[in-house]
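A.B. asks: What follows is upload-v3.txt, compact mmCIF, C-alpha atoms and all ligand atoms.
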```
# COMPACT_ATOMS: atom_id res chain seq x y z
CA MET A 1132 6.13 4.09 2.27
CA GLU A 1133 5.73 7.76 2.26
CA LYS A 1134 7.34 8.15 -1.13
CA MET A 1135 5.99 5.13 -2.92
CA PRO A 1136 2.42 5.94 -3.84
CA PHE A 1137 2.97 7.89 -6.97
CA ARG A 1138 6.46 7.12 -8.15
CA THR A 1139 7.72 4.54 -10.60
CA GLU A 1140 10.46 2.01 -9.95
CA HIS A 1141 12.07 -0.47 -12.30
CA VAL A 1142 13.36 -3.72 -10.84
CA MET A 1143 14.04 -6.91 -12.80
CA LEU A 1144 12.21 -10.11 -11.84
CA THR A 1145 14.46 -13.14 -11.53
CA PRO A 1146 13.49 -16.75 -12.24
CA GLY A 1147 12.97 -19.42 -9.60
CA LEU A 1148 10.70 -19.26 -6.58
CA SER A 1149 9.87 -15.62 -7.17
CA SER A 1150 8.40 -16.17 -10.60
CA ARG A 1151 6.50 -19.20 -9.32
CA VAL A 1152 4.82 -17.42 -6.41
CA THR A 1153 4.06 -14.35 -8.47
CA ALA A 1154 2.80 -16.21 -11.53
CA ASP A 1155 -0.91 -15.95 -10.73
CA TRP A 1156 -1.28 -12.37 -9.60
CA ARG A 1157 0.84 -11.07 -12.47
CA HIS A 1158 -2.15 -11.88 -14.71
CA GLY A 1159 -4.58 -9.95 -12.52
CA LEU A 1160 -5.18 -9.40 -8.83
CA PRO A 1161 -7.85 -11.34 -7.00
CA VAL A 1162 -10.80 -9.67 -5.31
CA LEU A 1163 -10.33 -9.80 -1.53
CA ARG A 1164 -13.51 -9.56 0.51
CA GLY A 1165 -13.62 -8.44 4.13
CA ALA A 1166 -16.54 -7.88 6.46
CA SER A 1167 -17.40 -4.43 5.08
CA ILE A 1168 -14.96 -3.67 2.27
CA THR A 1169 -13.66 -5.21 -0.92
CA LEU A 1170 -10.12 -4.85 -2.23
CA ARG A 1171 -9.77 -5.01 -6.00
CA GLU A 1172 -7.48 -3.93 -8.78
CA LEU A 1173 -7.85 -0.33 -9.93
CA GLN A 1174 -9.61 0.50 -13.20
CA VAL A 1175 -8.99 3.61 -15.27
CA SER A 1176 -12.59 4.66 -14.57
CA ASP A 1177 -11.66 4.97 -10.86
CA ALA A 1178 -9.60 8.09 -11.58
CA PRO A 1179 -12.24 10.73 -10.65
CA ALA A 1180 -13.05 8.98 -7.36
CA LEU A 1181 -9.39 8.66 -6.41
CA LEU A 1182 -8.76 12.29 -7.29
CA ALA A 1183 -11.60 13.38 -5.00
CA MET A 1184 -10.45 11.13 -2.16
CA LEU A 1185 -6.68 11.45 -2.24
CA ALA A 1186 -5.73 14.78 -3.80
CA THR A 1187 -6.55 16.71 -0.63
CA GLU A 1188 -4.16 18.55 1.64
CA GLU A 1189 -4.88 16.43 4.71
CA VAL A 1190 -4.35 13.11 2.87
CA ALA A 1191 -1.29 14.21 0.91
CA ARG A 1192 0.43 16.16 3.69
CA PHE A 1193 3.02 13.48 4.51
CA ILE A 1194 3.20 11.41 1.32
CA SER A 1195 4.70 12.10 -2.08
CA PRO A 1196 2.19 14.23 -3.93
CA PRO A 1197 -0.67 12.37 -5.63
CA PRO A 1198 -1.69 13.35 -9.17
CA THR A 1199 -3.73 16.53 -9.28
CA SER A 1200 -5.97 15.74 -12.26
CA ILE A 1201 -8.17 12.95 -13.59
CA GLU A 1202 -5.67 12.44 -16.42
CA GLY A 1203 -2.85 12.14 -13.90
CA PHE A 1204 -4.72 9.46 -11.98
CA GLU A 1205 -5.54 7.66 -15.23
CA ARG A 1206 -1.82 7.53 -16.05
CA PHE A 1207 -1.08 6.32 -12.52
CA ILE A 1208 -3.71 3.56 -12.78
CA ARG A 1209 -2.32 2.37 -16.13
CA TRP A 1210 1.12 2.30 -14.55
CA THR A 1211 -0.18 0.16 -11.66
CA THR A 1212 -1.44 -2.41 -14.19
CA GLU A 1213 1.85 -2.46 -16.10
CA GLU A 1214 3.90 -2.84 -12.94
CA ARG A 1215 1.66 -5.64 -11.66
CA ALA A 1216 1.99 -7.46 -15.00
CA ALA A 1217 5.77 -7.11 -14.70
CA GLY A 1218 5.62 -8.70 -11.24
CA ARG A 1219 7.07 -5.72 -9.42
CA TYR A 1220 4.13 -4.10 -7.73
CA ILE A 1221 0.59 -4.64 -6.41
CA CYS A 1222 -2.08 -2.01 -5.87
CA PHE A 1223 -5.49 -2.71 -4.34
CA GLY A 1224 -8.29 -0.16 -4.40
CA VAL A 1225 -10.48 -0.10 -1.27
CA VAL A 1226 -14.21 -0.22 -2.01
CA PRO A 1227 -16.60 -0.05 0.97
CA ASP A 1228 -19.76 -2.13 0.74
CA GLY A 1229 -22.50 -0.23 -1.07
CA MET A 1230 -20.03 1.76 -3.17
CA ASP A 1231 -18.61 1.06 -6.62
CA ALA A 1232 -15.51 3.25 -6.65
CA PRO A 1233 -12.46 3.06 -4.40
CA ILE A 1234 -12.01 5.47 -1.52
CA GLY A 1235 -8.32 4.74 -1.15
CA LEU A 1236 -5.57 2.27 -1.92
CA PHE A 1237 -2.94 -0.07 -0.56
CA GLN A 1238 0.27 -0.50 -2.52
CA VAL A 1239 3.10 -3.00 -2.19
CA ARG A 1240 6.28 -3.00 -4.23
CA GLN A 1241 9.20 -5.36 -4.22
CA LEU A 1242 12.45 -4.02 -2.82
CA GLU A 1243 14.37 -6.93 -4.30
CA PRO A 1244 13.53 -9.26 -7.16
CA GLY A 1245 11.02 -11.88 -6.02
CA PHE A 1246 9.23 -9.83 -3.34
CA ALA A 1247 10.95 -11.42 -0.32
CA THR A 1248 11.53 -7.87 0.89
CA ALA A 1249 8.83 -5.41 0.00
CA GLU A 1250 7.49 -2.02 0.99
CA TRP A 1251 3.88 -1.02 1.48
CA GLY A 1252 1.95 2.18 1.75
CA PHE A 1253 -1.66 3.26 1.94
CA ALA A 1254 -3.95 6.24 1.77
CA LEU A 1255 -7.68 6.57 2.40
CA GLY A 1256 -10.04 9.47 1.89
CA SER A 1257 -10.27 11.34 5.18
CA ALA A 1258 -14.01 10.63 5.51
CA PHE A 1259 -12.98 7.01 6.08
CA TRP A 1260 -10.34 7.62 8.74
CA GLY A 1261 -10.90 6.19 12.20
CA ASP A 1262 -13.81 3.96 11.18
CA GLY A 1263 -12.04 0.59 10.92
CA THR A 1264 -11.59 0.66 7.14
CA PHE A 1265 -7.81 0.86 7.44
CA MET A 1266 -7.56 -2.06 9.85
CA GLU A 1267 -9.79 -4.27 7.73
CA GLY A 1268 -7.95 -3.46 4.53
CA ALA A 1269 -4.55 -3.83 6.15
CA GLN A 1270 -5.34 -7.31 7.45
CA LEU A 1271 -6.49 -8.43 4.00
CA VAL A 1272 -3.35 -7.03 2.38
CA LEU A 1273 -1.03 -8.48 5.00
CA ASP A 1274 -2.56 -11.93 4.69
CA TYR A 1275 -2.26 -11.72 0.92
CA VAL A 1276 1.31 -10.54 0.66
CA PHE A 1277 2.70 -12.83 3.36
CA ASP A 1278 0.67 -15.94 2.52
CA ILE A 1279 0.30 -15.70 -1.26
CA VAL A 1280 2.95 -13.38 -2.64
CA GLY A 1281 5.65 -14.76 -0.36
CA VAL A 1282 6.86 -11.62 1.38
CA HIS A 1283 9.29 -12.26 4.22
CA ARG A 1284 9.96 -8.69 5.37
CA LEU A 1285 7.54 -5.81 4.78
CA GLU A 1286 8.82 -2.26 5.26
CA ALA A 1287 6.95 1.02 5.53
CA ARG A 1288 8.17 4.57 5.83
CA ALA A 1289 6.06 7.13 7.66
CA ALA A 1290 7.02 10.68 8.53
CA VAL A 1291 7.67 11.06 12.25
CA ARG A 1292 5.11 13.86 12.25
CA ASN A 1293 2.50 11.63 10.61
CA GLY A 1294 0.70 10.61 13.80
CA ARG A 1295 -2.09 8.71 12.07
CA GLY A 1296 0.26 6.91 9.68
CA CYS A 1297 2.60 5.83 12.49
CA GLY A 1298 -0.34 4.96 14.77
CA ALA A 1299 -1.90 2.84 12.03
CA LEU A 1300 1.35 0.94 11.45
CA ARG A 1301 1.87 0.34 15.15
CA LYS A 1302 -1.68 -1.01 15.39
CA VAL A 1303 -1.07 -3.68 12.75
CA GLY A 1304 2.02 -4.92 14.54
CA ALA A 1305 4.78 -3.06 12.72
CA VAL A 1306 8.00 -2.55 14.66
CA GLN A 1307 9.96 0.69 14.61
CA GLU A 1308 13.49 -0.07 13.44
CA GLY A 1309 14.95 3.37 13.19
CA ILE A 1310 14.74 6.89 11.91
CA LEU A 1311 15.58 7.76 8.31
CA ARG A 1312 16.89 11.24 8.83
CA ARG A 1313 15.70 13.95 6.47
CA SER A 1314 14.53 11.34 3.98
CA LEU A 1315 11.27 12.80 2.64
CA LEU A 1316 11.17 16.10 0.79
CA ARG A 1317 7.75 17.67 1.31
CA ASN A 1318 6.84 21.28 0.59
CA GLY A 1319 10.48 22.29 0.42
CA GLU A 1320 11.37 20.68 3.76
CA TYR A 1321 13.19 17.41 4.44
CA LEU A 1322 11.25 15.34 7.00
CA ASP A 1323 12.52 12.50 9.18
CA GLN A 1324 10.73 9.19 8.63
CA VAL A 1325 10.27 6.13 10.82
CA LEU A 1326 11.22 2.82 9.23
CA TRP A 1327 8.54 0.32 10.28
CA THR A 1328 8.79 -3.40 9.55
CA ILE A 1329 6.71 -6.54 9.83
CA LEU A 1330 8.37 -9.96 9.42
CA ASP A 1331 6.53 -13.11 8.42
CA SER A 1332 7.72 -14.60 11.73
CA ASP A 1333 6.05 -11.73 13.65
CA ARG A 1334 2.63 -12.79 12.50
CA ALA A 1335 0.40 -15.04 14.55
CA PRO A 1336 -1.03 -18.00 12.64
CA THR A 1337 -4.50 -17.10 11.34
CA PRO A 1338 -7.19 -19.75 11.91
CA ALA A 1339 -8.42 -21.01 8.55
CA PHE A 1340 -12.04 -20.06 9.35
CA SER A 1341 -11.18 -16.38 9.76
CA ARG A 1342 -9.23 -15.99 6.54
CA PRO A 1343 -10.63 -13.62 3.90
CA SER A 1344 -12.33 -15.13 0.90
CA VAL A 1345 -10.45 -14.73 -2.38
CA HIS A 1346 -12.46 -14.63 -5.62
C1 LIG A 1401 -2.74 6.24 7.21
C2 LIG A 1401 -4.24 6.01 7.10
C3 LIG A 1401 -4.58 5.09 5.94
C4 LIG A 1401 -4.67 5.32 8.41
O1 LIG A 1401 -6.06 5.17 8.42
P1 LIG A 1401 -6.87 5.70 9.71
O2 LIG A 1401 -8.29 5.30 9.55
O3 LIG A 1401 -6.56 7.13 9.92
O4 LIG A 1401 -6.16 4.81 10.83
P2 LIG A 1401 -6.78 4.37 12.21
O5 LIG A 1401 -7.66 5.44 12.76
O6 LIG A 1401 -7.35 2.99 12.08
O7 LIG A 1401 -5.45 4.22 13.06
C5 LIG A 1401 -4.66 5.32 13.37
C6 LIG A 1401 -4.24 5.22 14.81
O8 LIG A 1401 -3.32 6.28 15.07
C7 LIG A 1401 -3.75 6.97 16.22
N1 LIG A 1401 -3.35 8.35 16.08
C8 LIG A 1401 -3.98 9.35 15.44
N2 LIG A 1401 -3.28 10.48 15.51
C9 LIG A 1401 -2.18 10.20 16.23
C10 LIG A 1401 -1.07 10.97 16.68
N3 LIG A 1401 -0.97 12.26 16.38
N4 LIG A 1401 -0.13 10.35 17.38
C11 LIG A 1401 -0.23 9.03 17.68
N5 LIG A 1401 -1.27 8.26 17.30
C12 LIG A 1401 -2.22 8.83 16.58
C13 LIG A 1401 -5.25 6.82 16.24
O9 LIG A 1401 -5.77 7.04 17.52
C14 LIG A 1401 -5.39 5.37 15.77
O10 LIG A 1401 -5.18 4.44 16.80
P3 LIG A 1401 -6.44 3.82 17.63
O11 LIG A 1401 -7.36 3.20 16.64
O12 LIG A 1401 -5.79 2.84 18.53
O13 LIG A 1401 -7.09 4.96 18.35
C15 LIG A 1401 -4.99 7.37 6.92
O14 LIG A 1401 -4.83 8.17 8.07
C16 LIG A 1401 -4.49 8.13 5.71
O15 LIG A 1401 -4.90 7.85 4.60
N6 LIG A 1401 -3.59 9.12 5.91
C17 LIG A 1401 -3.05 9.91 4.79
C18 LIG A 1401 -2.04 9.12 3.96
C19 LIG A 1401 -0.90 8.65 4.82
O16 LIG A 1401 -0.37 9.38 5.62
N7 LIG A 1401 -0.50 7.39 4.62
C20 LIG A 1401 0.53 6.74 5.44
C21 LIG A 1401 1.68 6.38 4.62
S1 LIG A 1401 2.75 5.28 5.54
```
If you took the structure in this file and wrote it as structure tokens, what would it be?
Ligand SMILES: CC(C)(COP(=O)(O)OP(=O)(O)OC[C@H]1O[C@@H](n2cnc3c(N)ncnc32)[C@H](O)[C@@H]1OP(=O)(O)O)[C@@H](O)C(=O)NCCC(=O)NCCS

C.D. replies:
Amino acid sequence: MEKMPFRTEHVMLTPGLSSRVTADWRHGLPVLRGASITLRELQVSDAPALLAMLATEEVARFISPPPTSIEGFERFIRWTTEERAAGRYICFGVVPDGMDAPIGLFQVRQLEPGFATAEWGFALGSAFWGDGTFMEGAQLVLDYVFDIVGVHRLEARAAVRNGRGCGALRKVGAVQEGILRRSLLRNGEYLDQVLWTILDSDRAPTPAFSRPSVH
């Protein structure tokens, strides 16, 4: 999801199973606790922390540009709440134990009404790269979207040149389906992206005792 983080999409929610499985989280996301991080919904007061973590050249190099001001992040955070309430989109902030503010985020948006097919993306402050934060957060998000939201197929787009992004997706079991040629415009250049996917049937059953706690 190279282009998702900071864009808006408008997709109608249809009745039936989709509205049933999304009914709870549309009113507010749960808090997901892992061994050393918590995932929670963003708050407008998180804007300065997210600006410091994500509006850097190394983080933003291969994704659509994050906001460049506190006000821009505040608008983005309000948008995340509106889109969640509309049932189209979920955004979790990543808060390491001992901290109050998020150091990054995971986003998931529906690609069709009802979330059966969805797309995810993620970004963490570079001080938290390579330390296990991504893997822990990704497992919490994957369990949540497949088991609770009802996702069947989860897509991600990562620039071919984005070694860390592609490596991270491979590590969580995503499969490379193809190359989206010249599909991401970044700094005046069209970049090729890898289309990565995870299917619900790809995932090994998780023993109940190792599931994250949801509050
Ligand atoms: C994507 C992101 C969240 C991943 O978090 P991370 O902590 O860097 O990820 P990890 O270190 O757990 O995993 C990355 C893997 O890619 C590997 N990797 C790093 N550079 C690589 C390269 N050039 N080629 C291939 N693999 C590479 C790492 O070795 C690691 O695998 P390992 O743990 O088996 O050694 C983080 O790098 C980030 O925020 N990047 C900027 C935003 C972004 O690009 N988002 C991706 C959108 S799809």

A.B. asks: To check your reading of the model: which residues sit at most 9 Å from ligand LIG 1401 (chain A) when counting all atoms listed in the file? Write the answer as a ChimeraX atom specification.

C.D. replies: /A:1132-1136,1185,1189-1194,1235-1237,1251-1267,1269,1287-1290,1292-1302,1327

A.B. asks: Extending 8 Å beyond the listed atoms of segment 1235-1253 of chain A on each side, what axis-aligned box results? I want centre and edge lengths in Å to one decimal, as AutoDock Vina command-line options.

C.D. replies:
```
--center_x 3.0 --center_y -3.6 --center_z -2.6 --size_x 38.7 --size_y 32.6 --size_z 25.1
```

A.B. asks: Distance atom CA of Phe1223 of chain A-atom CA of Leu1170 of chain A, one decimal place?

C.D. replies: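 If I compute the distance from atom CA of Phe1223 of chain A to atom CA of Leu1170 of chain A, I get 5.5 Å.
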
A.B. asks: Check the smallest atom-to-atom distance from each of A:Thr1199, A:Thr1328, A:Thr1211, A:Thr1248 to Glu1172 of chain A using only C-alpha atoms, then report the winner.

C.D. replies: A:Thr1211

A.B. asks: Between A:Leu1330, A:Ser1176, A:Met1184, A:Val1291, which residue has the minimum interatomic distance to Glu1250 of chain A, considering all atoms listed in the file?

C.D. replies: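 Smallest distance to Glu1250 of chain A is found for A:Leu1330.
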
A.B. asks: From (-2.8, 9.3, -13.1), in the file's coordinates, out to 9 Å: which residues are reached, counting only C-alpha atoms? Answer as a count of residues only.

C.D. replies: 18

A.B. asks: Which residue is closest to Phe1277 of chain A? Choose from A:Val1306, A:Ile1221, A:Ile1168, A:Ile1329 and count all atoms listed in the file.

C.D. replies: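 The answer is A:Ile1329, which sits nearest to Phe1277 of chain A.
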
A.B. asks: Nearest residue to Ala1335 of chain A out of A:Glu1320, A:Glu1286, A:Asp1274, A:Asp1231, using only C-alpha atoms?

C.D. replies: A:Asp1274

A.B. asks: Would you mind completing segment 1265-1276 of chain A to N, CA and C atoms and writing the output as a PDB file, keeping the file's coordinate frame?

C.D. replies:
```pdb
ATOM      1  N   PHE A1265      -9.251   1.135   7.581  1.00  0.00           N
ATOM      2  CA  PHE A1265      -7.810   0.860   7.440  1.00  0.00           C
ATOM      3  C   PHE A1265      -7.478  -0.528   7.978  1.00  0.00           C
ATOM      4  N   MET A1266      -7.928  -0.800   9.190  1.00  0.00           N
ATOM      5  CA  MET A1266      -7.560  -2.060   9.850  1.00  0.00           C
ATOM      6  C   MET A1266      -8.039  -3.255   9.024  1.00  0.00           C
ATOM      7  N   GLU A1267      -9.248  -3.152   8.512  1.00  0.00           N
ATOM      8  CA  GLU A1267      -9.790  -4.270   7.730  1.00  0.00           C
ATOM      9  C   GLU A1267      -8.984  -4.473   6.445  1.00  0.00           C
ATOM     10  N   GLY A1268      -8.720  -3.365   5.769  1.00  0.00           N
ATOM     11  CA  GLY A1268      -7.950  -3.460   4.530  1.00  0.00           C
ATOM     12  C   GLY A1268      -6.541  -3.948   4.781  1.00  0.00           C
ATOM     13  N   ALA A1269      -5.931  -3.453   5.843  1.00  0.00           N
ATOM     14  CA  ALA A1269      -4.550  -3.830   6.150  1.00  0.00           C
ATOM     15  C   ALA A1269      -4.452  -5.325   6.416  1.00  0.00           C
ATOM     16  N   GLN A1270      -5.401  -5.864   7.148  1.00  0.00           N
ATOM     17  CA  GLN A1270      -5.340  -7.310   7.450  1.00  0.00           C
ATOM     18  C   GLN A1270      -5.463  -8.129   6.174  1.00  0.00           C
ATOM     19  N   LEU A1271      -6.348  -7.702   5.269  1.00  0.00           N
ATOM     20  CA  LEU A1271      -6.490  -8.430   4.000  1.00  0.00           C
ATOM     21  C   LEU A1271      -5.184  -8.379   3.201  1.00  0.00           C
ATOM     22  N   VAL A1272      -4.587  -7.198   3.149  1.00  0.00           N
ATOM     23  CA  VAL A1272      -3.350  -7.030   2.380  1.00  0.00           C
ATOM     24  C   VAL A1272      -2.210  -7.822   3.010  1.00  0.00           C
ATOM     25  N   LEU A1273      -2.113  -7.759   4.337  1.00  0.00           N
ATOM     26  CA  LEU A1273      -1.030  -8.480   5.000  1.00  0.00           C
ATOM     27  C   LEU A1273      -1.166  -9.981   4.795  1.00  0.00           C
ATOM     28  N   ASP A1274      -2.369 -10.496   4.946  1.00  0.00           N
ATOM     29  CA  ASP A1274      -2.560 -11.930   4.690  1.00  0.00           C
ATOM     30  C   ASP A1274      -2.154 -12.267   3.256  1.00  0.00           C
ATOM     31  N   TYR A1275      -2.535 -11.420   2.326  1.00  0.00           N
ATOM     32  CA  TYR A1275      -2.260 -11.720   0.920  1.00  0.00           C
ATOM     33  C   TYR A1275      -0.762 -11.686   0.625  1.00  0.00           C
ATOM     34  N   VAL A1276      -0.095 -10.648   1.062  1.00  0.00           N
ATOM     35  CA  VAL A1276       1.310 -10.540   0.660  1.00  0.00           C
ATOM     36  C   VAL A1276       2.195 -11.554   1.398  1.00  0.00           C
TER      37      VAL A1276
END
```
